[in-house]
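Dumped structure10.cif below, it's mmCIF, C-alpha atoms and all ligand atoms:
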```cif
data_entry
#
loop_
_atom_site.label_atom_id
_atom_site.label_comp_id
_atom_site.auth_asym_id
_atom_site.auth_seq_id
_atom_site.Cartn_x
_atom_site.Cartn_y
_atom_site.Cartn_z
CA MET L 349 16.74 13.83 -13.33
CA GLN L 350 15.14 16.13 -10.75
CA THR L 351 11.55 17.39 -10.82
CA LEU L 352 10.01 20.11 -8.72
CA ILE L 353 6.35 19.67 -7.77
CA ARG L 354 4.88 23.03 -6.81
CA GLY L 355 1.68 23.53 -4.82
CA ARG L 356 0.30 24.21 -1.38
CA VAL L 357 2.33 21.55 0.42
CA LEU L 358 1.27 19.71 3.59
CA GLY L 359 3.11 16.94 5.41
CA PHE L 360 2.81 15.53 8.93
CA HIS L 361 5.76 14.68 11.15
CA ALA L 362 3.74 13.97 14.32
CA ASP L 363 0.21 13.07 15.38
CA PRO L 364 -2.02 16.18 15.70
CA ALA L 365 -3.83 14.42 18.56
CA GLU L 366 -0.59 14.49 20.55
CA THR L 367 1.08 17.81 19.69
CA THR L 368 0.20 21.20 18.25
CA THR L 369 3.27 21.21 15.99
CA SER L 370 2.46 18.14 13.97
CA TYR L 371 2.77 19.33 10.40
CA ALA L 372 4.75 21.46 7.98
CA TRP L 373 2.78 23.76 5.71
CA HIS L 374 4.07 25.73 2.72
CA GLU L 375 1.46 27.98 1.12
CA ASP L 376 3.67 28.37 -1.96
CA GLY L 377 5.63 25.19 -1.48
CA ALA L 378 7.51 22.63 -3.49
CA ILE L 379 8.77 19.07 -3.30
CA LEU L 380 12.01 18.27 -5.10
CA ILE L 381 12.10 14.67 -6.29
CA GLU L 382 14.75 12.53 -7.94
CA ASP L 383 14.81 8.80 -8.80
CA GLY L 384 11.44 8.25 -7.13
CA ARG L 385 12.53 9.77 -3.82
CA ILE L 386 11.89 13.06 -2.04
CA VAL L 387 15.08 15.15 -1.97
CA ALA L 388 13.79 18.32 -0.28
CA VAL L 389 10.58 20.05 0.79
CA GLY L 390 10.14 23.75 1.45
CA ASP L 391 9.07 27.09 0.08
CA HIS L 392 9.09 27.25 -3.68
CA ALA L 393 11.33 30.32 -3.61
CA ASP L 394 14.02 28.30 -1.81
CA LEU L 395 13.83 25.22 -4.04
CA ALA L 396 13.29 26.63 -7.55
CA ARG L 397 16.36 26.23 -9.73
CA ALA L 398 17.05 26.97 -13.37
CA GLY L 399 17.02 23.80 -15.42
CA VAL L 400 14.82 21.75 -13.04
CA ALA L 401 11.52 20.72 -14.60
CA GLU L 402 8.58 22.07 -12.66
CA ILE L 403 4.96 20.93 -12.40
CA ASP L 404 2.74 23.62 -10.93
CA HIS L 405 -0.32 22.34 -9.06
CA ARG L 406 -1.26 25.61 -7.36
CA PRO L 407 -3.80 26.26 -5.84
CA CYS L 408 -4.20 22.54 -5.07
CA LEU L 409 -2.87 20.81 -1.97
CA VAL L 410 0.05 18.41 -2.36
CA MET L 411 0.56 15.82 0.36
CA PRO L 412 1.73 12.24 0.83
CA GLY L 413 -0.39 9.69 -1.04
CA PHE L 414 -3.10 7.88 0.91
CA ILE L 415 -2.42 4.49 2.43
CA ASP L 416 -5.19 1.89 2.61
CA PRO L 417 -4.17 -0.80 5.10
CA HIS L 418 -7.12 -3.20 4.57
CA ILE L 419 -8.75 -3.91 1.22
CA HIS L 420 -9.85 -7.02 -0.71
CA PHE L 421 -8.58 -7.14 -4.28
CA PRO L 422 -11.00 -9.92 -5.44
CA GLN L 423 -13.99 -7.90 -4.27
CA VAL L 424 -13.90 -5.24 -6.99
CA GLN L 425 -17.16 -6.73 -8.28
CA VAL L 426 -18.61 -7.43 -4.82
CA ILE L 427 -18.74 -3.79 -3.69
CA ALA L 428 -22.39 -2.64 -3.45
CA SER L 429 -24.03 -6.04 -2.85
CA TRP L 430 -27.42 -5.65 -1.21
CA GLY L 431 -29.13 -6.68 1.94
CA ALA L 432 -26.80 -8.83 4.03
CA GLN L 433 -24.66 -8.72 7.13
CA LEU L 434 -21.20 -10.22 7.34
CA LEU L 435 -21.71 -14.00 7.32
CA ASP L 436 -24.53 -13.98 4.73
CA TRP L 437 -22.69 -11.42 2.68
CA LEU L 438 -19.62 -13.68 2.55
CA THR L 439 -21.54 -16.79 1.49
CA THR L 440 -24.06 -15.12 -0.82
CA TYR L 441 -21.84 -12.70 -2.69
CA THR L 442 -18.20 -12.81 -1.74
CA PHE L 443 -17.06 -16.42 -1.91
CA PRO L 444 -18.69 -17.07 -5.33
CA GLU L 445 -17.08 -13.92 -6.70
CA GLU L 446 -13.67 -14.76 -5.27
CA ALA L 447 -13.95 -18.22 -6.90
CA ARG L 448 -13.67 -16.48 -10.29
CA PHE L 449 -10.06 -15.55 -9.47
CA ALA L 450 -8.99 -19.13 -10.20
CA ASP L 451 -8.88 -17.86 -13.80
CA PRO L 452 -5.55 -16.07 -14.40
CA ASP L 453 -7.02 -13.91 -17.16
CA HIS L 454 -9.77 -12.67 -14.88
CA ALA L 455 -7.26 -12.04 -12.09
CA ALA L 456 -4.98 -10.10 -14.43
CA ARG L 457 -7.80 -7.90 -15.73
CA MET L 458 -9.09 -7.22 -12.22
CA ALA L 459 -5.59 -6.45 -10.95
CA GLU L 460 -5.19 -3.63 -13.46
CA ALA L 461 -8.70 -2.34 -12.72
CA PHE L 462 -8.05 -2.48 -8.97
CA LEU L 463 -4.79 -0.53 -9.17
CA ASP L 464 -6.40 1.99 -11.54
CA GLN L 465 -9.05 2.59 -8.87
CA LEU L 466 -6.50 2.99 -6.08
CA ILE L 467 -4.53 5.53 -8.07
CA ALA L 468 -7.63 7.39 -9.28
CA HIS L 469 -8.56 7.83 -5.62
CA GLY L 470 -5.10 8.99 -4.54
CA THR L 471 -4.09 5.77 -2.78
CA THR L 472 -0.45 4.94 -3.35
CA THR L 473 -0.03 1.99 -0.98
CA ALA L 474 -2.52 -0.71 -0.03
CA CYS L 475 -2.39 -3.81 2.10
CA ALA L 476 -4.59 -6.20 0.16
CA PHE L 477 -6.18 -9.60 0.65
CA GLY L 478 -6.00 -11.77 -2.47
CA SER L 479 -8.28 -14.71 -3.15
CA VAL L 480 -7.34 -18.22 -2.04
CA HIS L 481 -5.68 -18.78 -5.42
CA PRO L 482 -1.99 -17.90 -5.42
CA GLY L 483 -2.39 -16.75 -9.03
CA SER L 484 -4.53 -13.86 -7.84
CA VAL L 485 -1.61 -12.53 -5.82
CA ASP L 486 0.83 -13.18 -8.66
CA ALA L 487 -1.42 -11.08 -10.90
CA LEU L 488 -1.70 -8.27 -8.38
CA PHE L 489 2.02 -8.16 -7.62
CA ALA L 490 2.93 -8.25 -11.30
CA ALA L 491 0.60 -5.33 -12.02
CA ALA L 492 1.91 -3.37 -9.00
CA ALA L 493 5.54 -4.04 -9.96
CA ALA L 494 4.90 -2.64 -13.44
CA ARG L 495 3.69 0.58 -11.75
CA ASP L 496 6.47 0.60 -9.13
CA MET L 497 3.85 0.73 -6.38
CA ALA L 498 4.56 -0.07 -2.74
CA LEU L 499 2.00 -2.83 -2.32
CA ILE L 500 1.49 -5.42 0.40
CA ALA L 501 -0.63 -8.48 -0.37
CA GLY L 502 -1.20 -12.10 0.47
CA LYS L 503 -3.33 -15.02 -0.63
CA VAL L 504 -6.08 -15.80 1.84
CA MET L 505 -5.66 -19.04 3.72
CA MET L 506 -9.09 -20.66 4.23
CA ASP L 507 -9.68 -24.37 4.68
CA ARG L 508 -13.24 -24.65 6.00
CA ASN L 509 -16.71 -23.10 6.10
CA ALA L 510 -16.70 -21.94 2.51
CA ILE L 511 -17.55 -23.36 -0.91
CA PRO L 512 -14.89 -25.80 -2.16
CA ALA L 513 -13.88 -23.43 -4.98
CA VAL L 514 -12.35 -21.04 -2.43
CA GLN L 515 -10.90 -23.56 0.01
CA ASP L 516 -7.36 -24.80 0.34
CA SER L 517 -5.90 -27.02 3.07
CA ALA L 518 -3.52 -26.25 5.89
CA ARG L 519 -0.63 -27.81 3.96
CA GLN L 520 -1.53 -26.28 0.60
CA SER L 521 -1.95 -22.83 2.11
CA TYR L 522 1.45 -23.09 3.78
CA ASP L 523 3.13 -24.25 0.56
CA ASP L 524 1.39 -21.68 -1.65
CA SER L 525 2.15 -18.82 0.76
CA LYS L 526 5.76 -19.93 1.07
CA ALA L 527 6.18 -19.99 -2.71
CA LEU L 528 4.61 -16.53 -3.05
CA ILE L 529 6.94 -15.19 -0.36
CA GLY L 530 9.88 -16.61 -2.28
CA ARG L 531 8.69 -15.05 -5.54
CA TRP L 532 7.67 -11.59 -4.33
CA GLN L 533 8.76 -10.57 -0.85
CA GLY L 534 11.12 -7.59 -1.07
CA SER L 535 11.06 -7.53 -4.86
CA GLY L 536 11.07 -3.81 -5.71
CA ARG L 537 8.53 -2.16 -3.43
CA LEU L 538 6.43 -5.30 -2.87
CA ARG L 539 5.88 -7.03 0.47
CA TYR L 540 4.04 -10.20 1.37
CA ALA L 541 1.40 -10.45 4.11
CA ILE L 542 0.54 -13.79 5.72
CA THR L 543 -3.24 -13.81 5.31
CA PRO L 544 -5.41 -16.25 7.28
CA ARG L 545 -8.86 -14.88 6.35
CA PHE L 546 -10.36 -15.23 9.86
CA ALA L 547 -10.80 -17.93 12.48
CA ILE L 548 -14.12 -19.13 11.05
CA THR L 549 -12.55 -20.17 7.75
CA SER L 550 -9.36 -21.63 9.22
CA THR L 551 -8.97 -24.88 11.14
CA PRO L 552 -6.57 -24.82 14.09
CA GLU L 553 -4.13 -26.69 11.80
CA GLN L 554 -4.25 -23.87 9.28
CA LEU L 555 -3.77 -21.16 11.91
CA ALA L 556 -0.78 -23.19 13.11
CA ALA L 557 0.54 -23.14 9.53
CA ALA L 558 0.08 -19.36 9.45
CA GLY L 559 1.90 -19.14 12.77
CA ALA L 560 4.74 -21.25 11.38
CA LEU L 561 5.07 -18.89 8.41
CA ALA L 562 5.09 -15.92 10.80
CA ALA L 563 7.84 -17.53 12.91
CA GLU L 564 9.90 -18.31 9.80
CA HIS L 565 9.39 -14.79 8.40
CA PRO L 566 9.13 -12.44 11.39
CA ASP L 567 9.48 -9.36 9.17
CA LEU L 568 6.27 -10.09 7.23
CA HIS L 569 2.91 -8.51 7.90
CA ILE L 570 0.04 -10.68 9.08
CA GLN L 571 -3.49 -9.61 8.15
CA THR L 572 -6.82 -11.02 9.26
CA HIS L 573 -10.20 -10.04 10.71
CA LEU L 574 -11.21 -9.68 14.36
CA SER L 575 -14.52 -9.06 16.15
CA GLU L 576 -16.38 -7.38 13.31
CA ASN L 577 -19.90 -8.69 13.89
CA ARG L 578 -21.73 -10.25 16.88
CA ASP L 579 -22.82 -13.42 15.01
CA GLU L 580 -19.27 -13.85 13.73
CA ILE L 581 -17.92 -13.68 17.28
CA ASP L 582 -20.46 -16.24 18.59
CA TYR L 583 -19.70 -18.65 15.76
CA THR L 584 -15.96 -18.19 16.20
CA LEU L 585 -16.09 -18.96 19.91
CA ARG L 586 -18.15 -22.10 19.21
CA LEU L 587 -15.45 -23.25 16.78
CA TYR L 588 -12.66 -22.55 19.31
CA PRO L 589 -14.28 -23.44 22.67
CA GLN L 590 -10.98 -23.49 24.49
CA ALA L 591 -10.17 -19.84 23.62
CA ARG L 592 -10.59 -17.12 26.25
CA ASP L 593 -11.90 -14.79 23.57
CA TYR L 594 -11.56 -14.13 19.82
CA LEU L 595 -8.13 -12.48 20.06
CA ASP L 596 -6.85 -15.40 22.12
CA ILE L 597 -7.28 -17.69 19.10
CA TYR L 598 -4.79 -15.69 17.06
CA ASP L 599 -2.56 -15.28 20.12
CA ALA L 600 -2.44 -19.03 20.68
CA HIS L 601 -1.16 -19.47 17.12
CA GLY L 602 1.59 -16.86 17.28
CA LEU L 603 -0.25 -14.33 15.13
CA LEU L 604 -0.07 -11.18 17.27
CA GLY L 605 2.57 -8.44 17.24
CA PRO L 606 3.40 -5.05 15.70
CA ASN L 607 3.21 -6.49 12.16
CA SER L 608 -0.28 -7.90 12.77
CA LEU L 609 -3.22 -6.01 11.30
CA MET L 610 -6.64 -6.84 12.73
CA GLY L 611 -9.41 -5.65 10.43
CA HIS L 612 -12.41 -4.10 12.22
CA ALA L 613 -11.61 -4.81 15.92
CA ILE L 614 -14.96 -3.43 17.03
CA HIS L 615 -16.50 -5.58 19.77
CA LEU L 616 -13.49 -6.11 22.01
CA SER L 617 -13.30 -6.99 25.68
CA PRO L 618 -10.99 -5.05 28.01
CA ARG L 619 -8.71 -8.09 28.10
CA GLU L 620 -8.46 -8.17 24.31
CA ILE L 621 -7.68 -4.46 24.16
CA ALA L 622 -5.01 -4.79 26.82
CA ARG L 623 -3.48 -7.76 24.99
CA MET L 624 -3.45 -5.88 21.68
CA ALA L 625 -1.65 -3.00 23.38
CA GLU L 626 0.79 -5.33 25.10
CA THR L 627 1.70 -7.14 21.87
CA GLY L 628 1.63 -4.03 19.64
CA THR L 629 -1.07 -5.60 17.46
CA ARG L 630 -2.76 -3.06 15.16
CA ALA L 631 -6.51 -2.35 14.92
CA ILE L 632 -7.73 -1.34 11.47
CA HIS L 633 -10.90 0.75 11.40
CA CYS L 634 -13.08 0.18 8.32
CA PRO L 635 -15.92 2.69 8.66
CA THR L 636 -17.74 2.42 5.32
CA SER L 637 -17.81 -1.35 5.68
CA ASN L 638 -18.92 -1.27 9.30
CA LEU L 639 -21.87 0.95 8.42
CA PHE L 640 -22.71 -0.89 5.20
CA LEU L 641 -22.70 -4.35 6.82
CA GLY L 642 -24.25 -3.01 10.04
CA SER L 643 -21.30 -4.33 12.02
CA GLY L 644 -20.80 -1.72 14.73
CA LEU L 645 -18.95 1.41 15.80
CA PHE L 646 -15.17 1.45 16.23
CA ASP L 647 -13.86 2.98 19.46
CA GLU L 648 -10.92 5.09 18.30
CA ALA L 649 -10.46 7.04 21.52
CA GLY L 650 -10.81 3.96 23.71
CA LEU L 651 -8.16 2.04 21.77
CA ARG L 652 -5.85 5.06 21.69
CA ALA L 653 -6.19 5.55 25.44
CA ALA L 654 -5.31 1.89 25.94
CA GLY L 655 -2.21 2.27 23.77
CA VAL L 656 -3.41 0.38 20.68
CA VAL L 657 -2.21 1.76 17.33
CA SER L 658 -5.05 2.07 14.79
CA GLY L 659 -5.16 2.43 11.06
CA VAL L 660 -8.11 3.46 8.89
CA ALA L 661 -9.04 1.57 5.72
CA THR L 662 -11.66 1.11 3.02
CA ASP L 663 -12.27 -2.67 3.27
CA VAL L 664 -13.62 -2.70 -0.28
CA GLY L 665 -15.86 -4.65 -1.11
CA GLY L 666 -17.54 -4.71 2.34
CA GLY L 667 -16.49 -1.08 2.22
CA THR L 668 -18.37 1.10 -0.20
CA SER L 669 -15.70 3.42 -1.61
CA TYR L 670 -12.09 3.26 -2.72
CA SER L 671 -11.74 6.83 -1.55
CA MET L 672 -9.82 7.44 1.64
CA LEU L 673 -11.57 10.83 1.69
CA GLN L 674 -14.96 9.11 1.82
CA THR L 675 -13.54 6.66 4.34
CA LEU L 676 -12.58 9.59 6.59
CA ASN L 677 -16.02 11.07 6.00
CA GLU L 678 -17.72 7.90 7.29
CA SER L 679 -15.20 7.63 10.11
CA TYR L 680 -16.17 11.12 11.22
CA LYS L 681 -19.80 9.94 11.43
CA VAL L 682 -18.99 6.66 13.19
CA LEU L 683 -17.00 8.56 15.79
CA GLN L 684 -19.80 11.12 16.16
CA LEU L 685 -22.08 8.25 17.15
CA ARG L 686 -19.42 7.32 19.73
CA GLY L 687 -19.32 10.90 21.05
CA GLN L 688 -15.84 11.38 19.54
CA ASN L 689 -14.74 14.14 17.14
CA LEU L 690 -12.30 13.34 14.37
CA HIS L 691 -10.45 16.59 13.68
CA PRO L 692 -9.54 17.07 9.99
CA LEU L 693 -5.83 17.40 10.77
CA ALA L 694 -5.99 14.12 12.71
CA ALA L 695 -7.98 12.54 9.87
CA PHE L 696 -5.44 13.44 7.16
CA HIS L 697 -2.59 12.41 9.43
CA TRP L 698 -4.33 9.07 9.98
CA ALA L 699 -4.75 8.32 6.27
CA THR L 700 -1.07 9.09 5.57
CA ARG L 701 1.58 8.97 8.33
CA GLY L 702 -0.79 7.24 10.78
CA ASN L 703 -1.42 4.35 8.41
CA ALA L 704 2.29 4.21 7.59
CA ILE L 705 2.94 3.79 11.33
CA ALA L 706 0.24 1.11 11.54
CA LEU L 707 2.14 -0.72 8.77
CA GLY L 708 5.56 0.00 10.33
CA MET L 709 6.59 1.73 7.09
CA GLN L 710 6.84 5.38 8.17
CA ASP L 711 10.52 5.48 7.23
CA ARG L 712 9.54 4.98 3.55
CA ILE L 713 5.98 6.27 2.99
CA GLY L 714 3.33 8.50 4.53
CA THR L 715 5.45 11.61 5.11
CA LEU L 716 7.42 14.13 3.08
CA ALA L 717 10.67 13.42 4.91
CA PRO L 718 13.66 13.70 2.53
CA GLY L 719 14.75 10.21 1.50
CA SER L 720 11.26 8.75 1.59
CA ASP L 721 9.44 7.58 -1.52
CA ALA L 722 7.83 10.23 -3.69
CA ASP L 723 4.26 8.93 -3.44
CA LEU L 724 2.01 11.98 -3.47
CA VAL L 725 -1.58 13.07 -3.94
CA VAL L 726 -2.75 16.42 -5.32
CA LEU L 727 -6.14 17.54 -3.99
CA ASP L 728 -8.58 20.17 -5.25
CA CYS L 729 -11.13 21.35 -2.68
CA ARG L 730 -13.14 23.00 -5.50
CA ALA L 731 -13.47 19.81 -7.54
CA THR L 732 -17.27 19.92 -7.88
CA PRO L 733 -19.68 22.85 -8.08
CA ALA L 734 -21.01 22.04 -4.60
CA MET L 735 -17.48 21.93 -3.20
CA ALA L 736 -16.51 25.17 -4.95
CA LEU L 737 -19.58 26.88 -3.45
CA ARG L 738 -18.67 25.72 0.05
CA ALA L 739 -15.02 26.63 -0.51
CA GLU L 740 -15.99 30.30 -0.92
CA ARG L 741 -16.55 30.34 2.85
CA ILE L 742 -13.44 28.55 4.10
CA GLY L 743 -10.62 30.44 5.76
CA THR L 744 -8.27 27.91 7.31
CA LEU L 745 -6.34 24.82 6.32
CA ALA L 746 -8.43 22.75 8.73
CA GLU L 747 -11.63 23.95 7.04
CA GLU L 748 -10.23 23.11 3.62
CA LEU L 749 -9.25 19.63 4.78
CA PHE L 750 -12.65 19.06 6.34
CA LEU L 751 -14.37 20.05 3.10
CA LEU L 752 -12.22 17.51 1.25
CA GLN L 753 -12.92 14.90 3.94
CA ILE L 754 -16.68 15.30 3.84
CA MET L 755 -17.39 16.09 0.18
CA GLY L 756 -14.29 14.82 -1.64
CA ASP L 757 -13.76 11.65 -3.65
CA ASP L 758 -11.78 10.72 -6.78
CA ARG L 759 -12.97 13.93 -8.47
CA ALA L 760 -10.92 15.87 -5.90
CA VAL L 761 -7.79 13.89 -6.79
CA VAL L 762 -6.11 15.93 -9.51
CA GLN L 763 -3.02 13.76 -9.71
CA THR L 764 -1.38 10.84 -7.92
CA TYR L 765 2.39 10.43 -8.03
CA VAL L 766 3.81 6.93 -7.62
CA ALA L 767 7.57 6.85 -7.02
CA GLY L 768 7.80 10.36 -8.44
CA ARG L 769 5.80 9.71 -11.61
CA PRO L 770 2.30 11.04 -12.38
CA ALA L 771 0.12 7.93 -12.47
CA LYS L 772 -3.49 9.07 -12.68
CA ALA L 773 -5.04 9.02 -16.12
CA SER L 774 -6.97 12.15 -17.06
CA PRO L 775 -10.77 11.63 -17.09
CA ALA L 776 -10.75 11.91 -20.90
CA ALA L 777 -8.01 9.29 -21.29
CA ALA L 778 -9.71 6.99 -18.78
CA GLY L 779 -12.90 7.17 -20.87
N1 LIG L 801 -14.29 -11.41 7.48
C1 LIG L 801 -13.78 -12.45 6.79
N2 LIG L 801 -13.68 -12.19 5.47
C2 LIG L 801 -14.13 -10.93 5.33
C3 LIG L 801 -14.26 -10.08 4.19
O1 LIG L 801 -13.96 -10.43 3.06
N3 LIG L 801 -14.75 -8.82 4.44
C4 LIG L 801 -15.11 -8.41 5.68
N4 LIG L 801 -15.59 -7.18 5.84
N5 LIG L 801 -14.99 -9.19 6.75
C5 LIG L 801 -14.51 -10.43 6.58
ZN ZN L 802 -11.76 -7.22 5.29
#
```
Before we go any further, please render this structure as structure tokens.
Ligand code: GUN
Ligand code: ZN
Amino acid sequence: MQTLIRGRVLGFHADPAETTTSYAWHEDGAILIEDGRIVAVGDHADLARAGVAEIDHRPCLVMPGFIDPHIHFPQVQVIASWGAQLLDWLTTYTFPEEARFADPDHAARMAEAFLDQLIAHGTTTACAFGSVHPGSVDALFAAAAARDMALIAGKVMMDRNAIPAVQDSARQSYDDSKALIGRWQGSGRLRYAITPRFAITSTPEQLAAAGALAAEHPDLHIQTHLSENRDEIDYTLRLYPQARDYLDIYDAHGLLGPNSLMGHAIHLSPREIARMAETGTRAIHCPTSNLFLGSGLFDEAGLRAAGVVSGVATDVGGGTSYSMLQTLNESYKVLQLRGQNLHPLAAFHWATRGNAIALGMQDRIGTLAPGSDADLVVLDCRATPAMALRAERIGTLAEELFLLQIMGDDRAVVQTYVAGRPAKASPAAAG
């Protein structure tokens, strides 16, 4: 059965930072969808047909759903924890909370709540860290499969420098990851990510186990953290005295490449940046987290100039919002402090097609190209009284996008389509 989604339709086919013809815009547009896929995009007048069900979202914007390439599923009850920077924050709040995910009932309840939050905020794909317990990832994948969401996730591998309740061993982490890969990789829209938490919580033996998994499964994503905080870097280099720098640790264990996602990547040396570019390793900018934990300011322009591909992500629960709009808001401010300006067209490209490219999934998600998955977000720039007041004085698409970027959150998300189906509960139904 076909459905026509009508609205003011926006989709990117190139990076606005690189070309002036980066997007397609249909003021009275429509997206024809069938079996969870996009069939055609264009002017409504060209696509309307008798007998095809139509959902009219005018005057809202319709665009590809947001992609969040770095988020921690077991931190839904860590978000907004006071007064610490990274290493204290992990030991004081995060590890004890993640320990609770040993309980399958807790994991199952949190998985539903987590996906509800993603969808409420217009995020249709996430790349998520689980807890150390494989059951946490089973719960998340099962919940995502029931919603037909394109989700990437992995259990964290961590065998030292944490409370015993969230530690595994090199062998156990290999075996558990391998079993999860067997159960979930490629099932429906699900993908597995090999997930060594970071060098501080992995022995060299465990990073070698992660590297072995990566060699055995070269198509899988690898996700970890890199150079987020100065104390973290000092501690890391003390644990790996033979390494040239932080990145070199992951390099030495076969963990770099175009499928590798390095959360934060803030305090990098020129050698590390050059090596990331050379290997195609991705940098994932997490602005709300970097401000909240006082970690530092990401250098988007510097990495771009060096040829490193970047994504932009929430990093909940170090991050402070599930909203990619609020994430772009904080990114704008981080880059201001760097003397860089994040243009709204570049920002919305980044959260959609840009993040799809960071994940190597742009053939399936992040654009409105016919044949790709019908994951969409519908945005209302007049969602709150303050936004509606400001909207009286906007005249261009870029101004509308910037208003959404700076003042928008889940209230601006009117609907989220996952594989062609409306998935966001109305505020009344959500209670
Ligand atoms: N580094 C290692 N683990 C984490 C985490 O859970 N959050 C953040 N922000 N950084 C990390
Ligand atoms: Zn993180």
Shell around stretch 617-629 of chain L at 7 Å using only C-alpha atoms, local window under 2 positions removed, as a PyMOL selection string | chain L and resi 595+604-609+615+631+651+654-656
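Using only C-alpha atoms, the residues found no farther than 10 Å from L:Arg738, other than those of its own chain fewer than 4 positions away, are Cys729, Arg730, Thr732, Pro733, Ala734, Ile742, Glu748, Leu751 and Met755 of chain L.
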Pairwise distance for atom CA of L:Pro444 and atom CA of L:Leu568, rounded to one decimal in Å |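 Separating atom CA of L:Pro444 from atom CA of L:Leu568 is a distance of 28.8 Å.
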Closest-contact table, stretch 420-482 of chain L side, partner stretch 488-498 of chain L, 8 Å, counting all atoms listed in the file, as a tab-separated table:
```
residue	atom	partner	partner_atom	distance
L:Ala455	CA	L:Leu488	CA	7.7
L:Ala456	CA	L:Leu488	CA	7.1
L:Ala459	CA	L:Leu488	CA	5.0
L:Glu460	CA	L:Ala491	CA	6.2
L:Leu463	CA	L:Ala492	CA	7.3
L:Thr472	CA	L:Met497	CA	6.7
L:Thr473	CA	L:Ala498	CA	5.3
L:Ala474	CA	L:Ala498	CA	7.6
```
Expected answer as a list in words: residues within 6 Å of ligand LIG 801 (chain L), all atoms listed in the file = Arg545, Phe546, His573 and Gly666 of chain L
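Identified as lying at most 7 Å from ligand ZN 802 (chain L) when counting all atoms listed in the file are the residues His418, Ile419, His420, His573, Gly611, Asp663 and Gly666 of chain L.
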Got a sec to check which residues sit within 8 Å of (-18.3, -18.1, 6.5), counting all atoms listed in the file, and write them as a PyMOL selection string?
-> chain L and resi 435-436+438-439+509-510+548-549
Hey, what's within 6 Å of stretch 639-643 of chain L if we count only C-alpha atoms and toss same-chain stuff fewer than 4 positions away? As number ranges by chain, please?
-> L: 433, 576-577
Restrict the calculation to all atoms listed in the file, then for each residue of stretch 462-509 of chain L with any atom at most 6 Å from an atom of stretch 515-537 of chain L give the closest atom pair and their distance in Å to one decimal, rows by chain and rising residue number, as JSON lines.
```
{"residue": "L:Ala498", "atom": "CA", "partner": "L:Arg537", "partner_atom": "CA", "distance": 4.5}
{"residue": "L:Met505", "atom": "CA", "partner": "L:Ser521", "partner_atom": "CA", "distance": 5.5}
{"residue": "L:Met506", "atom": "CA", "partner": "L:Gln515", "partner_atom": "CA", "distance": 5.4}
{"residue": "L:Asp507", "atom": "CA", "partner": "L:Ser517", "partner_atom": "CA", "distance": 4.9}
```
